[in-house]
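Undergrad: Take a look at protein26.cif, mmCIF, C-alpha atoms:
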data_final
loop_
_atom_site.label_atom_id
_atom_site.label_comp_id
_atom_site.auth_asym_id
_atom_site.auth_seq_id
_atom_site.Cartn_x
_atom_site.Cartn_y
_atom_site.Cartn_z
CA MET A 1 0.00 0.00 0.00
CA THR A 2 1.48 3.28 -1.10
CA SER A 3 1.01 6.30 1.09
CA SER A 4 1.47 8.87 -1.68
CA ASP A 5 -1.51 10.59 -3.20
CA THR A 6 -1.19 8.95 -6.57
CA VAL A 7 -3.81 6.68 -8.04
CA ASP A 8 -2.37 3.41 -9.29
CA GLU A 9 -3.68 0.79 -11.68
CA ILE A 10 -5.25 -1.25 -8.90
CA ASP A 11 -7.09 1.86 -7.67
CA HIS A 12 -8.39 2.39 -11.19
CA ALA A 13 -9.57 -1.22 -11.34
CA LEU A 14 -11.31 -0.70 -7.99
CA ILE A 15 -12.97 2.52 -9.20
CA ARG A 16 -14.20 0.76 -12.32
CA ALA A 17 -15.49 -2.17 -10.25
CA THR A 18 -17.49 0.14 -7.93
CA GLN A 19 -18.73 2.78 -10.34
CA ASN A 20 -22.04 1.04 -10.95
CA GLY A 21 -22.61 0.92 -7.22
CA LEU A 22 -21.96 -1.42 -4.32
CA PRO A 23 -23.82 -4.73 -4.33
CA LEU A 24 -26.61 -5.18 -1.79
CA THR A 25 -25.00 -8.19 -0.19
CA PRO A 26 -23.85 -8.62 3.43
CA HIS A 27 -20.17 -8.24 2.38
CA PRO A 28 -20.20 -5.79 -0.54
CA TYR A 29 -16.49 -4.90 -0.35
CA ARG A 30 -15.46 -8.56 -0.26
CA ASP A 31 -17.66 -9.23 -3.28
CA ILE A 32 -16.20 -6.26 -5.18
CA GLY A 33 -12.71 -7.54 -4.36
CA LEU A 34 -13.46 -11.03 -5.63
CA GLY A 35 -14.05 -9.62 -9.09
CA ILE A 36 -10.66 -7.91 -9.28
CA GLY A 37 -8.48 -10.21 -7.19
CA LEU A 38 -8.29 -8.04 -4.05
CA GLY A 39 -8.92 -9.17 -0.52
CA PRO A 40 -11.64 -7.39 1.49
CA ASP A 41 -9.10 -5.61 3.73
CA ASP A 42 -7.27 -4.29 0.69
CA VAL A 43 -10.51 -3.02 -0.86
CA GLU A 44 -11.47 -1.22 2.35
CA GLN A 45 -8.00 0.27 2.85
CA ARG A 46 -7.79 1.51 -0.71
CA LEU A 47 -11.28 3.06 -0.61
CA GLN A 48 -10.41 4.74 2.69
CA ARG A 49 -7.14 6.04 1.24
CA LEU A 50 -8.88 7.35 -1.89
CA GLN A 51 -11.21 9.28 0.43
CA ASP A 52 -8.33 10.55 2.56
CA ILE A 53 -6.44 11.94 -0.44
CA GLY A 54 -9.58 13.50 -1.89
CA VAL A 55 -10.06 11.38 -5.00
CA ILE A 56 -13.32 10.07 -3.58
CA ARG A 57 -15.45 12.89 -2.20
CA ARG A 58 -17.95 10.70 -0.45
CA ILE A 59 -19.33 7.19 -0.31
CA GLY A 60 -23.04 7.03 0.19
CA ILE A 61 -26.54 6.59 -1.08
CA ILE A 62 -27.00 8.63 -4.22
CA PRO A 63 -30.68 9.39 -4.62
CA ASN A 64 -32.36 10.02 -7.92
CA HIS A 65 -33.69 13.49 -7.11
CA TYR A 66 -35.97 13.54 -10.10
CA ARG A 67 -37.81 10.43 -8.89
CA LEU A 68 -38.17 12.03 -5.46
CA GLY A 69 -40.11 14.92 -6.90
CA TYR A 70 -37.25 17.34 -7.50
CA ARG A 71 -38.41 17.90 -11.06
CA ALA A 72 -37.01 21.38 -11.55
CA ASN A 73 -33.34 22.06 -11.57
CA GLY A 74 -32.05 25.49 -12.22
CA MET A 75 -28.47 26.20 -13.10
CA SER A 76 -28.09 29.80 -12.00
CA VAL A 77 -25.17 31.73 -13.49
CA TRP A 78 -23.91 35.06 -12.21
CA ASP A 79 -21.49 37.75 -13.41
CA VAL A 80 -19.68 38.60 -10.20
CA THR A 81 -16.79 41.01 -9.67
CA ASP A 82 -13.59 38.95 -9.97
CA ASP A 83 -11.92 40.01 -6.73
CA ARG A 84 -15.11 39.33 -4.75
CA VAL A 85 -16.14 36.05 -6.35
CA ASP A 86 -14.25 33.74 -3.94
CA ASN A 87 -15.67 35.33 -0.84
CA LEU A 88 -19.21 35.48 -2.21
CA GLY A 89 -18.92 32.03 -3.78
CA PHE A 90 -18.35 30.44 -0.39
CA GLN A 91 -21.39 32.27 0.99
CA ILE A 92 -23.55 30.98 -1.86
CA GLY A 93 -22.08 27.48 -1.60
CA ALA A 94 -23.09 27.37 2.06
CA LEU A 95 -26.80 27.87 1.28
CA HIS A 96 -28.71 24.66 1.97
CA PHE A 97 -30.57 24.71 -1.34
CA VAL A 98 -27.40 24.97 -3.43
CA SER A 99 -26.07 21.54 -4.36
CA HIS A 100 -23.04 22.62 -6.40
CA CYS A 101 -21.28 25.98 -6.60
CA TYR A 102 -18.33 26.66 -8.86
CA ARG A 103 -16.29 29.42 -10.42
CA ARG A 104 -15.90 28.90 -14.17
CA PRO A 105 -14.34 30.95 -16.99
CA ARG A 106 -16.33 33.63 -18.78
CA HIS A 107 -16.73 33.38 -22.55
CA LEU A 108 -17.00 37.02 -23.53
CA PRO A 109 -18.88 38.71 -25.04
CA ASP A 110 -21.76 36.23 -25.09
CA TRP A 111 -21.20 34.56 -21.75
CA PRO A 112 -20.12 36.95 -18.97
CA PHE A 113 -21.00 34.57 -16.11
CA ASN A 114 -18.27 33.33 -13.77
CA LEU A 115 -20.21 31.90 -10.82
CA PHE A 116 -22.45 28.84 -11.18
CA ALA A 117 -24.85 27.69 -8.47
CA MET A 118 -27.05 24.64 -8.99
CA ILE A 119 -30.46 24.69 -7.36
CA HIS A 120 -32.72 21.67 -7.04
CA ALA A 121 -36.38 22.21 -6.23
CA THR A 122 -39.78 20.72 -6.73
CA THR A 123 -41.20 23.69 -8.67
CA ARG A 124 -39.96 26.62 -10.71
CA ASP A 125 -41.63 29.02 -8.26
CA GLU A 126 -39.44 27.61 -5.52
CA ILE A 127 -36.38 28.17 -7.69
CA ASP A 128 -37.44 31.79 -8.30
CA THR A 129 -37.51 32.34 -4.55
CA ARG A 130 -34.03 30.87 -4.17
CA ILE A 131 -32.71 33.05 -6.97
CA ALA A 132 -33.98 36.13 -5.16
CA ASP A 133 -32.12 34.96 -2.03
CA ILE A 134 -28.86 34.61 -3.95
CA ALA A 135 -29.33 37.96 -5.70
CA SER A 136 -29.73 39.72 -2.37
CA ILE A 137 -26.47 38.20 -1.07
CA LEU A 138 -24.51 39.17 -4.17
CA GLY A 139 -26.01 42.66 -4.24
CA LYS A 140 -24.17 45.20 -6.34
CA GLU A 141 -21.19 42.89 -6.90
CA CYS A 142 -23.34 41.06 -9.45
CA ARG A 143 -23.88 42.74 -12.80
CA SER A 144 -26.27 40.23 -14.35
CA HIS A 145 -27.52 36.71 -13.96
CA ARG A 146 -29.52 34.07 -15.73
CA VAL A 147 -31.25 30.83 -14.75
CA LEU A 148 -31.05 27.90 -17.12
CA PHE A 149 -33.89 25.54 -16.37
CA SER A 150 -33.92 21.91 -17.26
CA GLU A 151 -36.67 19.42 -16.80
CA LYS A 152 -35.17 16.90 -19.09
CA ILE A 153 -32.16 14.81 -18.26
CA LEU A 154 -30.78 13.35 -21.45
CA LYS A 155 -28.03 11.38 -19.78
CA LYS A 156 -26.88 11.18 -16.24
CA THR A 157 -24.53 8.58 -14.92
CA GLY A 158 -21.80 8.57 -12.36
CA LEU A 159 -18.17 8.76 -13.31
CA ARG A 160 -17.26 6.35 -16.04
CA LEU A 161 -13.59 5.57 -16.29
CA PRO A 162 -12.75 4.35 -19.75
CA LYS A 163 -11.41 0.85 -20.03
CA PRO A 164 -7.61 0.69 -19.87
CA LYS A 165 -7.35 0.21 -23.60
CA ARG A 166 -8.60 3.52 -24.84
CA CYS A 167 -11.46 3.31 -27.25
CA GLY A 168 -10.78 6.87 -28.33
CA ALA A 169 -13.31 9.52 -29.13
CA ARG A 170 -15.49 7.44 -31.39
CA PRO A 171 -19.14 7.18 -30.48
CA CYS A 172 -19.69 3.90 -28.68
CA SER A 173 -22.54 2.70 -26.54
CA ASP A 174 -21.65 2.09 -22.92
CA MET B 1 -50.16 6.29 -6.67
CA PRO B 2 -46.65 4.98 -6.17
CA ARG B 3 -45.91 3.39 -2.83
CA PRO B 4 -44.63 5.92 -0.33
CA VAL B 5 -41.03 5.93 0.80
CA THR B 6 -41.00 4.22 4.20
CA PRO B 7 -39.68 5.85 7.38
CA LEU B 8 -36.69 3.47 7.30
CA GLN B 9 -35.95 4.41 3.70
CA LYS B 10 -36.17 8.13 4.49
CA LYS B 11 -33.80 7.65 7.38
CA LEU B 12 -31.31 5.81 5.18
CA ILE B 13 -31.38 8.57 2.54
CA ASP B 14 -31.18 11.32 5.15
CA CYS B 15 -28.30 9.79 7.09
CA TYR B 16 -26.17 8.02 4.50
CA GLN B 17 -25.68 10.31 1.50
CA ARG B 18 -22.18 10.41 2.90
CA GLY B 19 -20.30 8.47 5.52
CA PHE B 20 -21.39 5.07 4.25
CA PRO B 21 -19.33 2.62 6.32
CA VAL B 22 -16.23 1.10 4.75
CA THR B 23 -16.27 -1.97 6.96
CA PRO B 24 -16.69 -5.75 6.49
CA HIS B 25 -20.48 -5.63 7.13
CA PRO B 26 -21.61 -2.09 6.27
CA TYR B 27 -25.34 -2.83 6.10
CA ALA B 28 -25.22 -4.53 9.50
CA ASP B 29 -23.30 -1.54 10.90
CA ILE B 30 -25.90 0.85 9.51
CA ALA B 31 -28.67 -1.30 10.99
CA ALA B 32 -26.97 -1.21 14.40
CA ALA B 33 -26.60 2.58 14.18
CA ILE B 34 -30.24 3.29 13.35
CA GLY B 35 -31.92 0.45 15.25
CA SER B 36 -32.83 -1.90 12.46
CA THR B 37 -31.61 -5.21 11.07
CA GLU B 38 -29.21 -6.01 8.25
CA ASP B 39 -31.95 -7.74 6.25
CA ALA B 40 -34.36 -4.85 6.66
CA VAL B 41 -31.71 -2.33 5.55
CA ILE B 42 -30.74 -4.39 2.50
CA ASN B 43 -34.38 -4.95 1.56
CA ALA B 44 -35.22 -1.26 1.99
CA LEU B 45 -32.32 -0.24 -0.25
CA ALA B 46 -33.11 -2.94 -2.82
CA ASP B 47 -36.68 -1.67 -3.00
CA LEU B 48 -35.47 1.92 -3.54
CA GLN B 49 -33.12 0.70 -6.24
CA ASP B 50 -35.88 -1.30 -7.98
CA ARG B 51 -38.07 1.81 -8.00
CA LYS B 52 -35.15 3.84 -9.35
CA ILE B 53 -35.31 6.20 -6.37
CA LEU B 54 -31.67 5.38 -5.75
CA SER B 55 -29.24 5.99 -8.56
CA ARG B 56 -26.71 3.79 -6.79
CA ILE B 57 -24.85 3.29 -3.56
CA GLY B 58 -21.26 4.19 -4.08
CA ALA B 59 -18.61 6.83 -4.39
CA THR B 60 -18.59 10.25 -5.98
CA TYR B 61 -15.26 11.36 -7.33
CA ALA B 62 -13.49 14.70 -7.21
CA THR B 63 -13.41 16.38 -10.58
CA GLY B 64 -10.04 16.02 -12.19
CA ARG B 65 -8.60 13.67 -9.59
CA ALA B 66 -9.33 10.31 -11.19
CA GLY B 67 -8.86 11.71 -14.69
CA ALA B 68 -9.76 14.93 -16.49
CA SER B 69 -13.15 16.51 -17.02
CA THR B 70 -14.84 19.71 -18.06
CA LEU B 71 -18.33 21.08 -18.30
CA ALA B 72 -19.13 21.96 -21.90
CA ALA B 73 -21.94 23.87 -23.59
CA MET B 74 -23.20 24.10 -27.12
CA ALA B 75 -25.81 26.11 -29.03
CA ALA B 76 -27.71 23.49 -31.02
CA PRO B 77 -30.42 24.42 -33.54
CA ALA B 78 -33.77 23.69 -31.85
CA GLU B 79 -35.02 21.46 -34.65
CA ASN B 80 -32.01 19.15 -34.32
CA LEU B 81 -31.53 19.34 -30.57
CA GLU B 82 -32.68 15.81 -29.73
CA LYS B 83 -30.68 14.27 -32.52
CA ILE B 84 -27.52 16.14 -31.55
CA ALA B 85 -28.02 15.37 -27.86
CA HIS B 86 -28.34 11.70 -28.66
CA LEU B 87 -25.23 11.80 -30.83
CA ILE B 88 -23.21 13.47 -28.06
CA SER B 89 -24.42 11.01 -25.40
CA GLY B 90 -22.98 8.25 -27.57
CA PHE B 91 -19.41 9.49 -27.29
CA THR B 92 -17.15 7.80 -24.75
CA GLY B 93 -16.69 9.87 -21.61
CA ILE B 94 -19.89 11.95 -21.71
CA ASN B 95 -21.47 11.46 -18.31
CA HIS B 96 -24.08 14.16 -17.94
CA ASN B 97 -26.13 15.66 -20.72
CA TYR B 98 -28.82 18.24 -20.03
CA GLU B 99 -31.05 20.19 -22.33
CA ARG B 100 -31.41 23.70 -20.93
CA GLU B 101 -33.47 26.70 -21.90
CA ASP B 102 -30.92 29.12 -23.28
CA LYS B 103 -29.13 29.95 -26.50
CA LEU B 104 -26.52 27.55 -25.10
CA ASN B 105 -29.10 24.78 -24.88
CA LEU B 106 -27.06 21.63 -24.50
CA TRP B 107 -24.83 21.13 -21.44
CA PHE B 108 -22.72 18.08 -20.83
CA VAL B 109 -19.61 16.90 -19.02
CA ILE B 110 -16.69 15.53 -21.00
CA THR B 111 -14.41 13.16 -19.08
CA GLY B 112 -11.32 11.24 -20.01
CA PRO B 113 -8.05 9.91 -18.66
CA ASP B 114 -6.26 13.20 -19.43
CA GLN B 115 -6.59 16.60 -21.10
CA GLU B 116 -5.57 15.21 -24.47
CA ALA B 117 -8.52 12.80 -24.37
CA ILE B 118 -10.84 15.74 -23.65
CA ARG B 119 -9.42 17.62 -26.63
CA GLN B 120 -9.92 14.57 -28.86
CA THR B 121 -13.53 14.09 -27.76
CA THR B 122 -14.20 17.79 -28.25
CA ARG B 123 -12.78 17.71 -31.76
CA ALA B 124 -14.78 14.61 -32.59
CA ILE B 125 -18.00 16.25 -31.36
CA THR B 126 -17.29 19.38 -33.38
CA ASP B 127 -16.55 17.28 -36.47
CA ALA B 128 -19.72 15.24 -36.04
CA THR B 129 -22.03 18.20 -35.38
CA GLY B 130 -20.38 21.19 -37.07
CA LEU B 131 -21.00 23.13 -33.83
CA ALA B 132 -18.63 24.90 -31.46
CA VAL B 133 -18.12 23.31 -28.04
CA HIS B 134 -17.49 25.82 -25.24
CA HIS B 135 -15.41 24.47 -22.37
CA MET B 136 -16.33 25.69 -18.89
CA PRO B 137 -13.96 23.85 -16.58
CA MET B 138 -14.13 24.36 -12.84
CA ILE B 139 -11.70 27.02 -11.60
CA GLU B 140 -12.73 26.89 -7.95
CA HIS B 141 -15.39 25.07 -5.99
CA TYR B 142 -17.27 26.70 -3.16
CA ARG B 143 -19.09 23.76 -1.70
CA LEU B 144 -17.97 20.37 -0.53
CA ASP B 145 -20.05 17.68 -2.16
CA LEU B 146 -22.04 16.35 0.78
CA GLY B 147 -25.27 15.40 -0.87
CA PHE B 148 -28.09 17.73 0.09
CA PRO B 149 -30.97 17.54 2.54
CA LEU B 150 -34.32 16.54 1.08
CA SER B 151 -37.64 17.83 2.28
CA TRP B 152 -40.08 14.94 2.62
CA ASN B 153 -43.68 15.89 1.90
#
Rewrite the structure from the file as structure tokens, please.
TA:
Amino acid sequence: MTSSDTVDEIDHALIRATQNGLPLTPHPYRDIGLGIGLGPDDVEQRLQRLQDIGVIRRIGIIPNHYRLGYRANGMSVWDVTDDRVDNLGFQIGALHFVSHCYRRPRHLPDWPFNLFAMIHATTRDEIDTRIADIASILGKECRSHRVLFSEKILKKTGLRLPKPKRCGARPCSD
Amino acid sequence: MPRPVTPLQKKLIDCYQRGFPVTPHPYADIAAAIGSTEDAVINALADLQDRKILSRIGATYATGRAGASTLAAMAAPAENLEKIAHLISGFTGINHNYEREDKLNLWFVITGPDQEAIRQTTRAITDATGLAVHHMPMIEHYRLDLGFPLSWN
């Protein structure tokens, strides 16, 4: 077991073996290990290490929000003063209704927005209320904003590591 | 009407969006922590999975740590949007694909083992669609990914 924060081939095999989810068996880590020739202790230690070094953010139940009634998701995008965006970004990221909050590059002139905050809600009205909350926090540091609604998920899966032998950028069904 | 989510199932979703035990018997450990049994926990989760209320039980990965990725956006002509979306979803390494109401109406995440793979996929998408792909990679994140609390009605 290496203590560095690199991800080796065995880690990649483990990530691939778990990316469809843990089995609902009494010993899920042992069963995952059986498929890739790792003992249960090794699986657990590697998963723990991947969490410790930040490759894995969390291990948990990942609900399908859409099926739970969260039919509206609004990607709100904001044009925030550059030297204030970090400070304000952390304030927005701390709001309970924001699931993801990132700084991203502007694409001027058409896309002046540098702060993205994802809002999940059951209705668009609820999202409108949340947007007003964010706007009041950003105040005059925000020049403009937009909300991009989506009620249609065309594809959503967890991380998919490509197989070791690269199949390149050709379309292929996975 | 669909069957309601049971109190045990709500508790599992509320308590274990993170911190799922990495131990020899995780479902038994969860059961012990919330006053249930291993069988009941496994059955409750299996039922949620069958009803597609759970996407999966597993890990979420930090962007860019187990490979490279970027958010990307495209302005697709409305009449071809579905066709183009379907085409893009077919490329290796596309793991989210959302139609959104904007001039930039198609948003997806491109992933790959490294930046060169992202460039290749981007070129291939541009070649296949004749449309520009705008990269919007994360510069900074302002929230740890912890799942988020649900309000049960």
Undergrad: Produce a table with one row for each residue of chain B that has an atom at most 7 Å from any atom of chain A, each row naming the nearest atom pair and its distance in Å at one decimal; use all atoms listed in the file; arrange rows by chain and rising residue number; format as CSV.
TA:
residue,atom,partner,partner_atom,distance
B:Ile13,CA,A:Ile61,CA,6.4
B:Tyr16,CA,A:Gly60,CA,5.4
B:Gln17,CA,A:Gly60,CA,4.4
B:Arg18,CA,A:Gly60,CA,4.4
B:Gly19,CA,A:Ile59,CA,6.0
B:Phe20,CA,A:Gly60,CA,4.8
B:Val22,CA,A:Glu44,CA,5.8
B:Thr23,CA,A:Glu44,CA,6.7
B:Pro24,CA,A:His27,CA,5.9
B:His25,CA,A:His27,CA,5.4
B:Tyr27,CA,A:Pro26,CA,6.5
B:Ile42,CA,A:Leu24,CA,6.0
B:Ala46,CA,A:Leu24,CA,7.0
B:Lys52,CA,A:Asn64,CA,6.9
B:Ile53,CA,A:Asn64,CA,5.1
B:Leu54,CA,A:Pro63,CA,4.3
B:Ser55,CA,A:Asn64,CA,5.1
B:Arg56,CA,A:Gly21,CA,5.0
B:Ile57,CA,A:Ile61,CA,4.5
B:Gly58,CA,A:Gly21,CA,4.7
B:Ala59,CA,A:Ile59,CA,4.2
B:Thr60,CA,A:Arg57,CA,5.6
B:Tyr61,CA,A:Ile56,CA,4.4
B:Ala62,CA,A:Val55,CA,5.3
B:Arg65,CA,A:Val55,CA,5.3
B:Ala66,CA,A:Val55,CA,6.3
B:Ser89,CA,A:Lys155,CA,6.7
B:Gly90,CA,A:Pro171,CA,4.9
B:Phe91,CA,A:Pro171,CA,3.9
B:Thr92,CA,A:Ala169,CA,6.1
B:Gly93,CA,A:Arg160,CA,6.6
B:Asn95,CA,A:Thr157,CA,5.4
B:His96,CA,A:Lys156,CA,4.4
B:Asn97,CA,A:Lys155,CA,4.8
B:Tyr98,CA,A:Ile153,CA,5.1
B:Glu99,CA,A:Ser150,CA,6.1
B:Arg100,CA,A:Ser150,CA,4.8
B:Glu101,CA,A:Leu148,CA,5.5
B:Asp102,CA,A:Leu148,CA,6.3
B:Gln120,CA,A:Ala169,CA,6.1
B:Thr121,CA,A:Ala169,CA,4.8
B:Ala124,CA,A:Ala169,CA,6.3
B:Met136,CA,A:Arg104,CA,5.7
B:Pro137,CA,A:Arg104,CA,5.9
B:Met138,CA,A:Arg104,CA,5.1
B:Ile139,CA,A:Arg104,CA,5.3
B:Glu140,CA,A:Arg103,CA,5.0
B:His141,CA,A:Tyr102,CA,4.4
B:Tyr142,CA,A:Phe90,CA,4.8
B:Arg143,CA,A:Gly93,CA,4.8
B:Asp145,CA,A:Arg57,CA,6.6
B:Phe148,CA,A:Ser99,CA,6.2
Undergrad: For the structure provided, state which residues fall under the PyMOL selection byres ((chain B and resi 81) around 12), and present them as an MDAnalysis selection string.
TA: (chainID A and resid 154) or (chainID B and resid 74:80 82:88 97:101 103:107 129 131)
Undergrad: Give me the box for segment 128-131 of chain A as JSON, namely the centre and edge lengths in Å to one decimal of a box along x, y and z that holds every listed atom plus 4 Å on each side.
TA:
{"center_x": -35.1, "center_y": 32.0, "center_z": -6.2, "size_x": 12.8, "size_y": 10.2, "size_z": 12.1}
Undergrad: Tell me, in Å to one decimal, how far atom CA of Lys10 of chain B is from atom CA of Asp29 of chain B.
TA: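 Separating atom CA of Lys10 of chain B from atom CA of Asp29 of chain B is a distance of 17.3 Å.
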Undergrad: Counting all atoms listed in the file, what is within 7 Å of Ala72 of chain B, bar same-chain residues fewer than 5 positions away, as a short mmCIF file (atom, residue, chain, number, x, y, z; two decimals) with C-alpha atoms, in the coordinates of the input?
TA:
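Listing of out_30.cif after writing:
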data_model
loop_
_atom_site.label_atom_id
_atom_site.label_comp_id
_atom_site.auth_asym_id
_atom_site.auth_seq_id
_atom_site.Cartn_x
_atom_site.Cartn_y
_atom_site.Cartn_z
CA TRP B 107 -24.83 21.13 -21.44
CA PHE B 108 -22.72 18.08 -20.83
CA VAL B 109 -19.61 16.90 -19.02
CA ILE B 110 -16.69 15.53 -21.00
CA VAL B 133 -18.12 23.31 -28.04
CA HIS B 134 -17.49 25.82 -25.24
CA HIS B 135 -15.41 24.47 -22.37
CA MET B 136 -16.33 25.69 -18.89
#
Undergrad: One number please: atom CA of Thr70 of chain B to atom CA of Ile131 of chain A, in Å, one decimal.
TA: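 Pair atom CA of Thr70 of chain B / atom CA of Ile131 of chain A returns 24.9 Å.
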Undergrad: Care to translate the PyMOL selection byres ((chain B and resi 40) around 10) into actual residues of this file, as a list in words?
TA: Leu8, Gln9, Tyr27, Ala28, Ala31, Ser36, Thr37, Glu38, Asp39, Val41, Ile42, Asn43, Ala44, Leu45 and Ala46 of chain B
Undergrad: Would you put the residues from that selection into a file with C-alpha atoms, as a PDB file, in the coordinates of the input?
TA:
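Printed below is part08.pdb as written:
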ATOM      1  CA  LEU B   8     -36.690   3.470   7.300  1.00  0.00           C
ATOM      2  CA  GLN B   9     -35.950   4.410   3.700  1.00  0.00           C
ATOM      3  CA  TYR B  27     -25.340  -2.830   6.100  1.00  0.00           C
ATOM      4  CA  ALA B  28     -25.220  -4.530   9.500  1.00  0.00           C
ATOM      5  CA  ALA B  31     -28.670  -1.300  10.990  1.00  0.00           C
ATOM      6  CA  SER B  36     -32.830  -1.900  12.460  1.00  0.00           C
ATOM      7  CA  THR B  37     -31.610  -5.210  11.070  1.00  0.00           C
ATOM      8  CA  GLU B  38     -29.210  -6.010   8.250  1.00  0.00           C
ATOM      9  CA  ASP B  39     -31.950  -7.740   6.250  1.00  0.00           C
ATOM     10  CA  VAL B  41     -31.710  -2.330   5.550  1.00  0.00           C
ATOM     11  CA  ILE B  42     -30.740  -4.390   2.500  1.00  0.00           C
ATOM     12  CA  ASN B  43     -34.380  -4.950   1.560  1.00  0.00           C
ATOM     13  CA  ALA B  44     -35.220  -1.260   1.990  1.00  0.00           C
ATOM     14  CA  LEU B  45     -32.320  -0.240  -0.250  1.00  0.00           C
ATOM     15  CA  ALA B  46     -33.110  -2.940  -2.820  1.00  0.00           C
TER      16      ALA B  46
END
Undergrad: Could you jot down the atom CA of Asp79 of chain A to atom CA of Leu150 of chain B separation for me, Å, one decimal place?
TA: 28.7 Å
Undergrad: Selected by the PyMOL selection byres ((chain B and resi 113) around 6) in the shown coordinates: which residues, as a list in words?
TA: Gly67, Ala68, Gly112 and Asp114 of chain B
